[in-house]
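Here is query.txt, consisting of compact mmCIF, C-alpha atoms:
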# COMPACT_ATOMS: atom_id res chain seq x y z
CA MET D 1 -44.34 20.07 80.16
CA LYS D 2 -47.02 20.69 77.53
CA MET D 3 -44.24 21.30 75.02
CA LEU D 4 -42.65 17.94 75.85
CA ILE D 5 -45.91 16.07 75.35
CA LEU D 6 -46.44 17.87 72.07
CA ILE D 7 -42.98 16.90 70.85
CA PHE D 8 -43.57 13.31 71.88
CA PHE D 9 -46.89 12.90 70.07
CA ALA D 10 -45.70 14.87 67.05
CA SER D 11 -42.74 12.54 66.62
CA VAL D 12 -44.82 9.37 67.09
CA LEU D 13 -47.79 10.24 64.91
CA THR D 14 -47.83 13.37 62.81
CA ASN D 15 -44.14 13.68 62.03
CA ASN D 16 -43.42 9.97 62.04
CA ILE D 17 -39.75 9.53 61.23
CA ALA D 18 -40.35 6.69 58.77
CA LEU D 19 -43.43 7.98 56.98
CA THR D 20 -42.86 11.74 56.95
CA TYR D 21 -39.07 12.05 56.83
CA PHE D 22 -38.45 8.73 55.05
CA LEU D 23 -35.67 7.73 57.42
CA GLY D 24 -34.67 4.10 57.85
CA MET D 25 -36.41 3.07 54.65
CA CYS D 26 -34.03 0.25 53.69
CA PRO D 27 -34.73 -1.93 56.76
CA PHE D 28 -38.33 -0.70 56.69
CA ILE D 29 -38.78 -2.47 53.36
CA ALA D 30 -36.34 -5.34 53.83
CA ILE D 31 -37.30 -6.52 57.34
CA SER D 32 -41.07 -5.98 57.31
CA LYS D 33 -41.88 -9.43 55.95
CA ASN D 34 -42.99 -10.87 59.28
CA THR D 35 -44.32 -9.20 62.37
CA LYS D 36 -41.92 -10.79 64.82
CA ALA D 37 -38.75 -9.72 63.03
CA ALA D 38 -40.23 -6.29 62.43
CA SER D 39 -40.97 -5.88 66.10
CA GLY D 40 -37.44 -6.96 67.02
CA MET D 41 -35.98 -4.44 64.64
CA GLY D 42 -38.26 -1.72 65.96
CA MET D 43 -37.25 -2.49 69.52
CA ALA D 44 -33.55 -2.38 68.63
CA VAL D 45 -33.97 0.92 66.79
CA THR D 46 -35.83 2.55 69.68
CA TYR D 47 -33.21 1.39 72.16
CA VAL D 48 -30.22 2.53 70.12
CA MET D 49 -31.92 5.78 69.15
CA VAL D 50 -32.44 6.96 72.72
CA ILE D 51 -28.94 6.02 73.85
CA THR D 52 -27.12 7.48 70.86
CA ALA D 53 -29.20 10.66 71.00
CA ILE D 54 -28.18 11.21 74.63
CA VAL D 55 -24.50 10.56 73.96
CA ASN D 56 -24.40 12.59 70.75
CA TYR D 57 -26.23 15.47 72.39
CA THR D 58 -23.78 15.51 75.30
CA ILE D 59 -20.73 15.38 73.05
CA TYR D 60 -22.11 18.02 70.71
CA THR D 61 -23.15 20.52 73.37
CA PHE D 62 -20.27 20.12 75.80
CA ILE D 63 -17.32 19.34 73.54
CA LEU D 64 -17.89 20.29 69.91
CA VAL D 65 -19.71 23.62 70.36
CA PRO D 66 -17.33 25.12 72.97
CA MET D 67 -14.34 24.16 70.83
CA GLY D 68 -15.92 25.41 67.59
CA LEU D 69 -15.73 22.01 65.91
CA GLU D 70 -19.35 21.74 64.74
CA TYR D 71 -18.22 20.71 61.27
CA LEU D 72 -16.90 17.44 62.68
CA ALA D 73 -20.42 16.52 63.82
CA PHE D 74 -21.03 13.99 61.00
CA LEU D 75 -17.79 12.18 61.68
CA ILE D 76 -18.19 12.11 65.46
CA PHE D 77 -21.83 11.05 65.31
CA ILE D 78 -21.16 8.12 63.05
CA ILE D 79 -18.23 6.92 65.18
CA VAL D 80 -20.35 7.22 68.33
CA ILE D 81 -23.20 5.28 66.71
CA ALA D 82 -20.94 2.51 65.45
CA GLY D 83 -19.19 2.25 68.82
CA ILE D 84 -22.39 2.20 70.85
CA VAL D 85 -23.98 -0.41 68.63
CA GLN D 86 -20.91 -2.63 69.02
CA ILE D 87 -20.88 -2.26 72.82
CA LEU D 88 -24.64 -2.79 73.12
CA GLU D 89 -24.44 -5.93 71.03
CA MET D 90 -21.77 -7.40 73.30
CA LEU D 91 -23.61 -6.39 76.49
CA VAL D 92 -26.95 -7.76 75.35
CA GLU D 93 -25.38 -11.00 74.17
CA ARG D 94 -23.51 -11.46 77.46
CA PHE D 95 -26.18 -10.46 79.99
CA PHE D 96 -29.58 -10.83 78.31
CA PRO D 97 -29.43 -13.89 76.04
CA VAL D 98 -33.24 -13.98 75.77
CA LEU D 99 -33.37 -10.41 74.52
CA TYR D 100 -30.46 -11.13 72.19
CA VAL D 101 -32.54 -13.70 70.37
CA SER D 102 -35.43 -11.28 69.94
CA PHE D 103 -33.55 -8.18 68.83
CA GLY D 104 -29.79 -8.57 69.25
CA ILE D 105 -29.34 -10.04 65.80
CA PHE D 106 -30.61 -6.79 64.29
CA LEU D 107 -28.11 -4.62 66.14
CA PRO D 108 -25.25 -4.81 63.59
CA LEU D 109 -27.63 -3.64 60.86
CA ILE D 110 -28.44 -0.53 62.82
CA THR D 111 -25.13 1.23 62.27
CA VAL D 112 -26.14 1.93 58.69
CA ASN D 113 -29.74 2.75 59.54
CA CYS D 114 -30.19 6.35 58.52
CA ALA D 115 -32.92 6.89 61.10
CA ILE D 116 -30.33 6.89 63.90
CA LEU D 117 -27.97 9.39 62.28
CA GLY D 118 -30.92 11.39 60.95
CA LEU D 119 -32.34 11.75 64.44
CA SER D 120 -29.06 13.16 65.76
CA LEU D 121 -28.87 15.61 62.85
CA PHE D 122 -32.49 16.77 63.26
CA MET D 123 -31.95 17.18 66.99
CA ILE D 124 -29.09 19.64 66.52
CA LEU D 125 -30.84 21.44 63.64
CA ARG D 126 -33.85 22.13 65.83
CA ASP D 127 -31.88 23.26 68.91
CA TYR D 128 -33.70 20.99 71.34
CA SER D 129 -32.99 21.20 75.06
CA PHE D 130 -31.95 18.05 76.93
CA MET D 131 -35.46 17.05 78.04
CA GLN D 132 -36.96 17.85 74.64
CA MET D 133 -34.27 15.70 73.04
CA ILE D 134 -35.15 12.73 75.29
CA PHE D 135 -38.84 12.96 74.42
CA TYR D 136 -38.08 13.50 70.74
CA SER D 137 -35.78 10.48 70.45
CA LEU D 138 -38.12 8.23 72.43
CA GLY D 139 -41.10 9.34 70.36
CA SER D 140 -39.27 8.87 67.08
CA GLY D 141 -38.10 5.40 68.06
CA LEU D 142 -41.61 4.34 69.10
CA GLY D 143 -43.03 5.88 65.94
CA TRP D 144 -40.64 3.90 63.77
CA TRP D 145 -41.48 0.75 65.69
CA LEU D 146 -45.21 1.37 65.22
CA ALA D 147 -44.76 2.01 61.51
CA ILE D 148 -42.70 -1.11 60.80
CA VAL D 149 -44.99 -3.40 62.81
CA ALA D 150 -48.05 -1.99 61.04
CA MET D 151 -46.27 -2.47 57.73
CA ALA D 152 -45.48 -6.11 58.53
CA GLY D 153 -49.13 -6.65 59.44
CA LEU D 154 -50.25 -5.17 56.14
CA ARG D 155 -47.76 -7.18 54.12
CA ARG D 156 -49.03 -10.41 55.64
CA MET D 157 -52.38 -9.63 54.09
CA LEU D 158 -50.74 -9.44 50.68
CA MET D 159 -50.70 -13.23 50.66
CA LEU D 160 -54.47 -13.12 50.16
CA SER D 161 -54.36 -10.72 47.24
CA GLU D 162 -52.61 -10.62 43.93
CA PRO D 163 -50.92 -7.30 43.23
CA LEU D 164 -49.75 -6.51 39.70
CA GLU D 165 -46.82 -8.70 38.84
CA SER D 166 -44.62 -5.93 37.55
CA LEU D 167 -44.96 -4.00 40.81
CA GLY D 168 -42.82 -6.64 42.46
CA ASP D 169 -42.34 -7.10 46.16
CA ALA D 170 -40.74 -3.71 46.70
CA GLY D 171 -43.15 -1.75 44.57
CA ILE D 172 -46.26 -2.92 46.38
CA THR D 173 -44.56 -2.30 49.73
CA VAL D 174 -43.78 1.27 48.73
CA ILE D 175 -47.38 1.84 47.63
CA LEU D 176 -48.64 0.37 50.91
CA ALA D 177 -46.30 2.71 52.77
CA GLY D 178 -47.91 5.54 50.81
CA PHE D 179 -51.36 4.59 52.04
CA MET D 180 -50.01 4.32 55.56
CA ALA D 181 -48.43 7.76 55.30
CA LEU D 182 -51.76 9.09 54.11
CA SER D 183 -53.53 7.67 57.14
CA PHE D 184 -50.86 9.04 59.48
CA PHE D 185 -51.35 12.38 57.75
CA GLY D 186 -54.87 12.26 59.14
CA PHE D 187 -53.45 12.59 62.66
CA SER D 188 -52.23 16.09 61.89
CA GLY D 189 -55.53 17.48 63.16
CA ILE D 190 -54.84 16.39 66.74
CA LEU D 191 -51.93 18.76 67.30
CA PRO D 192 -51.93 22.54 67.13
CA VAL D 193 -48.51 22.59 65.43
CA MET L 194 -5.59 -6.53 26.61
CA GLY L 195 -6.44 -2.86 26.79
CA LYS L 196 -9.54 -3.41 24.71
CA ILE L 197 -10.77 -6.25 26.93
CA ALA L 198 -10.21 -4.18 30.05
CA LYS L 199 -12.12 -1.32 28.51
CA SER L 200 -15.11 -3.37 27.51
CA LYS L 201 -15.17 -4.99 30.92
CA GLY L 202 -15.17 -1.59 32.60
CA VAL L 203 -18.00 -0.44 30.34
CA SER L 204 -20.00 -3.56 31.07
CA TYR L 205 -19.66 -2.92 34.82
CA PHE L 206 -20.86 0.61 34.14
CA ILE L 207 -23.97 -0.54 32.27
CA GLU L 208 -24.61 -3.30 34.78
CA SER L 209 -24.77 -0.88 37.69
CA LEU L 210 -26.52 1.85 35.69
CA TRP L 211 -29.48 -0.24 34.60
CA TYR L 212 -29.65 -3.91 35.63
CA ASN L 213 -28.60 -3.26 39.21
CA ASN L 214 -30.06 0.23 39.35
CA ALA L 215 -30.10 1.19 43.01
CA THR L 216 -33.53 2.76 43.00
CA PHE L 217 -35.77 0.43 41.05
CA SER L 218 -33.96 -2.92 41.00
CA MET L 219 -32.47 -3.04 44.44
CA VAL L 220 -34.57 -0.40 46.24
CA LEU L 221 -31.58 1.03 48.07
CA GLY L 222 -30.98 4.58 49.17
CA ILE L 223 -34.59 5.57 48.77
CA CYS L 224 -34.67 7.65 51.97
CA SER L 225 -33.19 10.58 50.15
CA ALA L 226 -34.88 9.63 46.88
CA LEU L 227 -38.22 10.22 48.59
CA ALA L 228 -37.28 13.21 50.68
CA VAL L 229 -35.55 15.57 48.27
CA THR L 230 -37.72 15.04 45.21
CA THR L 231 -40.28 17.80 45.75
CA ASN L 232 -38.25 19.96 43.40
CA LEU L 233 -36.04 19.18 40.44
CA LEU L 234 -33.12 21.43 41.36
CA ASN L 235 -32.74 19.90 44.83
CA ALA L 236 -32.90 16.42 43.34
CA MET L 237 -30.21 17.23 40.80
CA VAL L 238 -27.87 18.67 43.42
CA MET L 239 -28.48 15.69 45.68
CA GLY L 240 -27.84 13.24 42.85
CA ILE L 241 -24.60 14.95 41.87
CA SER L 242 -23.43 15.07 45.50
CA VAL L 243 -24.09 11.36 45.95
CA THR L 244 -22.32 10.56 42.68
CA VAL L 245 -19.26 12.61 43.60
CA VAL L 246 -18.99 11.07 47.07
CA LEU L 247 -19.54 7.60 45.62
CA LEU L 248 -16.88 8.04 42.92
CA ILE L 249 -14.19 9.36 45.25
CA SER L 250 -14.91 7.04 48.15
CA SER L 251 -15.06 3.84 46.15
CA THR L 252 -11.89 4.70 44.25
CA VAL L 253 -10.13 5.39 47.55
CA ILE L 254 -11.49 2.22 49.15
CA SER L 255 -10.42 0.23 46.13
CA LEU L 256 -6.90 1.69 46.27
CA LEU L 257 -6.67 0.86 49.97
CA ARG L 258 -8.34 -2.53 49.67
CA SER L 259 -5.23 -4.56 50.53
CA ILE L 260 -4.50 -2.66 53.73
CA ILE L 261 -8.01 -2.34 55.18
CA PRO L 262 -8.28 -5.01 57.90
CA GLU L 263 -11.31 -7.19 57.34
CA ARG L 264 -12.69 -6.93 60.87
CA VAL L 265 -12.93 -3.15 60.95
CA ARG L 266 -13.81 -2.58 57.31
CA ILE L 267 -17.32 -1.22 57.89
CA ILE L 268 -16.14 1.54 60.20
CA THR L 269 -13.26 2.30 57.83
CA PHE L 270 -15.73 2.70 54.95
CA MET L 271 -17.81 4.99 57.10
CA LEU L 272 -14.87 7.19 58.05
CA ILE L 273 -13.76 7.50 54.42
CA ILE L 274 -17.29 8.24 53.23
CA SER L 275 -18.07 10.74 55.97
CA THR L 276 -14.86 12.68 55.29
CA PHE L 277 -15.97 13.28 51.70
CA VAL L 278 -19.54 14.00 52.77
CA ILE L 279 -18.26 16.76 55.06
CA MET L 280 -16.37 18.23 52.10
CA VAL L 281 -19.46 18.13 49.88
CA ASP L 282 -21.52 19.69 52.65
CA PHE L 283 -19.04 22.58 52.89
CA ILE L 284 -19.03 23.12 49.13
CA LEU L 285 -22.83 23.21 49.03
CA LYS L 286 -22.99 25.58 51.98
CA ILE L 287 -20.60 28.00 50.28
CA TYR L 288 -21.77 27.90 46.66
CA LEU L 289 -25.46 26.92 46.89
CA PRO L 290 -26.72 28.11 50.28
CA PRO L 291 -30.47 27.95 49.44
CA VAL L 292 -30.24 24.38 48.16
CA SER L 293 -28.07 23.36 51.08
CA LYS L 294 -30.71 24.76 53.43
CA ALA L 295 -33.52 22.93 51.61
CA LEU L 296 -31.66 19.62 51.66
CA GLY L 297 -30.99 20.08 55.38
CA PRO L 298 -29.90 16.91 57.15
CA TYR L 299 -30.21 14.79 54.02
CA VAL L 300 -26.72 15.84 52.90
CA GLY L 301 -25.32 14.40 56.10
CA LEU L 302 -27.41 11.32 55.59
CA ILE L 303 -25.45 10.47 52.44
CA ILE L 304 -23.09 8.76 54.93
CA THR L 305 -25.68 6.12 55.73
CA ASN L 306 -27.06 5.92 52.20
CA CYS L 307 -27.15 2.20 51.51
CA ILE L 308 -25.84 2.70 47.95
CA LEU L 309 -22.44 3.87 49.15
CA MET L 310 -22.04 1.12 51.72
CA GLY L 311 -23.42 -1.43 49.27
CA ARG L 312 -21.01 -0.55 46.46
CA ALA L 313 -18.06 -0.43 48.89
CA GLU L 314 -18.87 -3.79 50.43
CA ALA L 315 -19.99 -5.58 47.27
CA PHE L 316 -17.59 -4.14 44.73
CA ALA L 317 -14.83 -1.70 45.68
CA ILE L 318 -13.27 -3.90 48.35
CA LYS L 319 -12.64 -6.68 45.81
CA GLN L 320 -11.94 -4.92 42.51
CA PRO L 321 -9.19 -2.68 41.13
CA PRO L 322 -9.72 1.11 41.10
CA TYR L 323 -10.64 1.49 37.42
CA TYR L 324 -13.50 -1.03 37.62
CA SER L 325 -14.67 0.45 40.92
CA PHE L 326 -14.68 3.88 39.33
CA MET L 327 -16.80 2.69 36.40
CA ASP L 328 -19.12 0.75 38.68
CA SER L 329 -19.74 3.68 40.96
CA LEU L 330 -20.12 6.05 38.00
CA GLY L 331 -22.92 3.79 36.78
CA SER L 332 -24.57 3.54 40.19
CA GLY L 333 -24.27 7.26 40.80
CA LEU L 334 -25.70 8.24 37.42
CA GLY L 335 -28.45 5.65 37.77
CA TYR L 336 -29.39 7.12 41.12
CA THR L 337 -29.24 10.70 39.81
CA LEU L 338 -31.43 9.92 36.81
CA SER L 339 -33.93 8.03 38.96
CA ILE L 340 -34.39 10.81 41.48
CA MET L 341 -34.55 13.40 38.72
CA VAL L 342 -37.38 11.50 37.04
CA LEU L 343 -39.21 11.28 40.38
CA ALA L 344 -38.63 14.97 41.06
CA ALA L 345 -39.73 16.00 37.58
CA VAL L 346 -43.02 14.11 37.97
CA ARG L 347 -43.65 15.49 41.43
CA GLU L 348 -42.75 19.07 40.60
CA LEU L 349 -44.70 19.05 37.35
CA LEU L 350 -47.87 17.63 38.86
CA GLY L 351 -47.57 19.31 42.23
CA ALA L 352 -46.55 22.82 41.23
CA GLY L 353 -46.85 22.85 37.45
CA SER L 354 -43.22 23.88 37.08
CA LEU L 355 -39.80 22.46 36.21
CA PHE L 356 -36.62 23.89 37.77
CA GLY L 357 -38.89 26.62 39.18
CA PHE L 358 -40.15 27.78 35.76
CA GLN L 359 -43.89 27.63 35.24
CA VAL L 360 -44.60 25.05 32.53
CA LEU L 361 -48.24 24.10 32.78
CA GLY L 362 -49.52 27.68 32.90
CA GLU L 363 -51.40 29.65 35.53
CA SER L 364 -54.56 27.57 35.30
CA TRP L 365 -52.83 24.51 36.81
CA GLU L 366 -53.65 24.60 40.50
CA GLY L 367 -51.23 21.92 41.62
CA TRP L 368 -52.05 18.43 42.73
CA GLY L 369 -51.45 18.58 46.47
CA LEU L 370 -51.24 14.82 46.94
CA VAL L 371 -47.92 14.38 45.14
CA MET L 372 -46.23 17.03 47.26
CA ILE L 373 -47.06 15.49 50.65
CA PRO L 374 -45.00 12.52 51.91
CA SER L 375 -47.49 9.85 50.91
CA GLY L 376 -47.41 11.16 47.35
CA ALA L 377 -43.69 10.47 47.28
CA PHE L 378 -44.36 6.82 48.07
CA PHE L 379 -46.99 6.54 45.36
CA VAL L 380 -44.79 8.12 42.70
CA LEU L 381 -41.89 5.86 43.66
CA GLY L 382 -44.14 2.79 43.60
CA PHE L 383 -45.37 3.55 40.10
CA TYR L 384 -41.83 4.37 38.98
CA ILE L 385 -40.67 0.94 40.14
CA MET L 386 -43.60 -0.61 38.29
CA PHE L 387 -42.83 1.13 34.99
CA ALA L 388 -39.11 0.37 35.26
CA ASN L 389 -39.90 -3.30 35.85
CA MET L 390 -42.23 -3.37 32.86
CA ILE L 391 -39.59 -1.86 30.57
CA GLN L 392 -36.92 -4.15 31.94
CA ARG L 393 -39.04 -7.23 31.44
CA ARG L 394 -39.81 -6.37 27.83
CA PHE L 395 -36.16 -5.53 27.19
CA ILE L 396 -34.87 -8.80 28.62
CA ASN L 397 -37.49 -10.85 26.79
CA ARG L 398 -36.44 -9.35 23.48
CA GLU L 399 -32.79 -10.10 24.18
CA THR L 400 -33.33 -13.76 24.91
CA LYS L 401 -35.52 -14.35 21.85
Since I need it in another form, could you write the structure as C-alpha cells?
Amino acid sequence: MKMLILIFFASVLTNNIALTYFLGMCPFIAISKNTKAASGMGMAVTYVMVITAIVNYTIYTFILVPMGLEYLAFLIFIIVIAGIVQILEMLVERFFPVLYVSFGIFLPLITVNCAILGLSLFMILRDYSFMQMIFYSLGSGLGWWLAIVAMAGLRRMLMLSEPLESLGDAGITVILAGFMALSFFGFSGILPV
Amino acid sequence: MGKIAKSKGVSYFIESLWYNNATFSMVLGICSALAVTTNLLNAMVMGISVTVVLLISSTVISLLRSIIPERVRIITFMLIISTFVIMVDFILKIYLPPVSKALGPYVGLIITNCILMGRAEAFAIKQPPYYSFMDSLGSGLGYTLSIMVLAAVRELLGAGSLFGFQVLGESWEGWGLVMIPSGAFFVLGFYIMFANMIQRRFINRETK
C-alpha cells in the first residue's frame, strides 16, 4: 500500500510526466492559452490515460507476452489508443452532452498526444503490477492536468508584462515551463525515492 | 521542365529546413528534443532515426495518397509510421544497444512525434513523392541540427564534454542546472530566441 501511494505522489509531483519526461509538450504549449480549455484538455488526458493504460496492460500481459509478440507493442498500443479515443468520443457525445462541451472537443487531439503512448511504454518498461499501473496512470494524468492548468494561469499573467519580442509566444512559454519544472523539482525532498 | 521541378524541390527543402523549422518556428516535436539532449551522441542518433522514419513514411504516404481513404487517413498514417519505427527500434537495439537503452521509450514515441504527423497531413498527402521526399529531408535535417545544437550546449555546459570526450578540462565542474529537466526548457527557450533573432535580421535584409 505504501508503495502505491509513493508511486502516485511520485507521478503527480516529483516525476511529473509533462515537466520531467517532457511528454505531451505540443498540446501543453498550444492549448495552455486559457485556463478553461487547459482544464478540459487535462481532464480528457487523465480520462483517456487511465482507460488506455488498463486496456494496453491487459493486452500486453495476457496476449502479447504469452505469444512472444512483444515487438508488436508499438503497433498494438497505437491502434488501441486510436480506437478507444474514437469510441470515447462517440459515447461522451451521445450520453454526456454537457461533458462533451467541456472536454469532448479535445478528444480527437489526444490520439497524437505522446503522453498517452509514453505512459503505456513506461508502464511496460518498469514492470508495474496491475494495481501499481492504475495508480501510476491516474497520478500521471492528474499531474499533467495540474501542470497544464498552472501553465495557463501563468500565461494569463503574461498579459501584464512585456517579454522580449524575439522570444515569441512559444519561447516565453518554454522558459515559463522551465521555471515550473524547477519548482516541481523542489518536491523531490518529500519522497524517499 | 526538369530544371523547374528541381528548383521547386530544392525550395521545398529549404522552406522546411529553415523557415518552417519544426523546432524553433513551429515548436513541434519538442518532447524528444528536450528529453534526449543531455548528450550529443544520443541526440544525433535520435535525429537520424526521426529523419529516416520521416523520409520513408512520407514517401510511402505520398505514393499511396490516391488510395488512402480520407476518413481513416490519420490511423493509416499512424500504422505506416509505427511500422517503420519498429524497424528503426530493432536496428538500434542490435547495432547500438547502449544508445537504444538510453533513449528508452523515446524511440517508440517517434510514432506520436508531431513532426511526422504534421508533414504527412500538411504535405505528403497532397504532393508527389519527389517533393514529399525533399520536404521531409528538410524537416528531418532541420530537426536533427536543432537537437544537436541543444545537446551540444547542454553537454558542454553540464559535463564539459562533447561526444563523451572531455573538452573543457578537468577544472570544469559541470553546471548542474542544464542537465536537470528545467535546464532543458531554459536552453530550448533561449535557442528559440536566438533563432528568431537571426531569422528576423535575415528576412529584413532580404526585403530591403
Exercise. Could you please determine the separation between CA of Ala18 (chain D) and CA of Ser140 (chain D) in Å, to one decimal place?
Key: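 Distance reported for this atom pair: 8.7 Å.
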Quiz item: Do you know which residues are at most 6 Å from region 244-247 of chain L counting all atoms listed in the file, after dropping those on the same chain fewer than 4 positions away, and could you put them as a list in words?
Solution: Ser251, Phe277, Leu309 and Gly333 of chain L
Do you have, as a Markdown table, the list of residues of region 254-334 of chain L lying at most 7 Å from region 218-241 of chain L, each with its nearest atom pair and that distance in Å to one decimal, counting all atoms listed in the file and ordered by chain then number?
| residue | atom | partner | partner_atom | distance |
| --- | --- | --- | --- | --- |
| L:Val292 | CA | L:Asn235 | CA | 6.1 |
| L:Leu296 | CA | L:Val229 | CA | 6.6 |
| L:Tyr299 | CA | L:Ser225 | CA | 6.4 |
| L:Asn306 | CA | L:Gly222 | CA | 5.1 |
| L:Cys307 | CA | L:Gly222 | CA | 5.1 |
| L:Ile308 | CA | L:Gly222 | CA | 5.6 |
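Between Thr35 (chain D) and the residues D:Ile59, D:Ala147, D:Leu64, D:Ala82, the shortest atom-to-atom distance, using all atoms listed in the file, involves D:Ala147.
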Quiz item: Separation of CA of Ala170 (chain D) and CA of Arg312 (chain L), in Å?
Solution: 20.0 Å
Per residue of chain D within 8 Å of chain L, note the shortest atom pair and the distance in Å to one decimal, counting only C-alpha atoms, and order the rows by chain and increasing residue number, as CSV.
residue,atom,partner,partner_atom,distance
D:Leu19,CA,L:Pro374,CA,7.0
D:Thr20,CA,L:Pro374,CA,5.5
D:Tyr21,CA,L:Ala228,CA,6.5
D:Phe22,CA,L:Cys224,CA,5.0
D:Leu23,CA,L:Cys224,CA,5.5
D:Gly24,CA,L:Cys224,CA,6.9
D:Met25,CA,L:Cys224,CA,5.6
D:Cys26,CA,L:Leu221,CA,6.2
D:Tyr71,CA,L:Ile279,CA,7.4
D:Leu72,CA,L:Ile279,CA,7.8
D:Phe74,CA,L:Gly301,CA,6.5
D:Leu75,CA,L:Ser275,CA,5.9
D:Ile78,CA,L:Met271,CA,7.5
D:Ile79,CA,L:Ile268,CA,7.6
D:Ala82,CA,L:Ile268,CA,7.2
D:Val112,CA,L:Thr305,CA,5.2
D:Asn113,CA,L:Thr305,CA,6.5
D:Cys114,CA,L:Thr305,CA,5.3
D:Leu117,CA,L:Leu302,CA,7.0
D:Gly118,CA,L:Leu302,CA,6.4
D:Leu121,CA,L:Pro298,CA,5.9
D:Phe122,CA,L:Pro298,CA,6.6
D:Leu125,CA,L:Pro298,CA,8.0
D:Ser166,CA,L:Met386,CA,5.5
D:Leu167,CA,L:Met386,CA,4.4
D:Gly168,CA,L:Met386,CA,7.4
D:Ala170,CA,L:Val220,CA,7.0
D:Gly171,CA,L:Gly382,CA,4.7
D:Ile172,CA,L:Gly382,CA,6.7
D:Thr173,CA,L:Gly382,CA,8.0
D:Val174,CA,L:Gly382,CA,5.4
D:Ile175,CA,L:Phe379,CA,5.2
D:Ala177,CA,L:Phe378,CA,6.5
D:Gly178,CA,L:Ser375,CA,4.3
D:Phe179,CA,L:Ser375,CA,6.6
D:Met180,CA,L:Ser375,CA,7.7
D:Ala181,CA,L:Ser375,CA,5.0
D:Leu182,CA,L:Ser375,CA,5.4
May I have the residues within 8 Å of region 361-366 of chain L as a short mmCIF file (atom, residue, chain, number, x, y, z; two decimals) with C-alpha atoms, in the coordinates of the input, using all atoms listed in the file and disregarding those fewer than 5 positions away in the same chain?
data_model
loop_
_atom_site.label_atom_id
_atom_site.label_comp_id
_atom_site.auth_asym_id
_atom_site.auth_seq_id
_atom_site.Cartn_x
_atom_site.Cartn_y
_atom_site.Cartn_z
CA LEU L 349 -44.70 19.05 37.35
CA ALA L 352 -46.55 22.82 41.23
CA GLY L 353 -46.85 22.85 37.45
CA SER L 354 -43.22 23.88 37.08
#
Exercise. Dig up all the protein and nucleic acid residues within 12 Å of (-22.7, 20.2, 70.6) in the file frame, using all atoms listed in the file, and format them as a ChimeraX atom specification.
Key: /D:53-74,76-77,120-121,123-125,127-130
Quiz item: How far is it from CA of Ser204 (chain L) to CA of Gln320 (chain L), in Å with one decimal?
Solution: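 These two atoms are separated by 14.1 Å.
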Exercise. Would you please work out which residue, of D:Val48, D:Met133, D:Ala150, D:Leu164, is nearest to Phe8 (chain D) when using all atoms listed in the file?
Key: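 Residue with the minimum atom-to-atom distance to Phe8 (chain D): D:Met133.
In terms of minimum interatomic distance to Ala215 (chain L), L:Leu334 ranks closest within L:Ile249, L:Leu289, L:Val265, L:Leu334, counting all atoms listed in the file.
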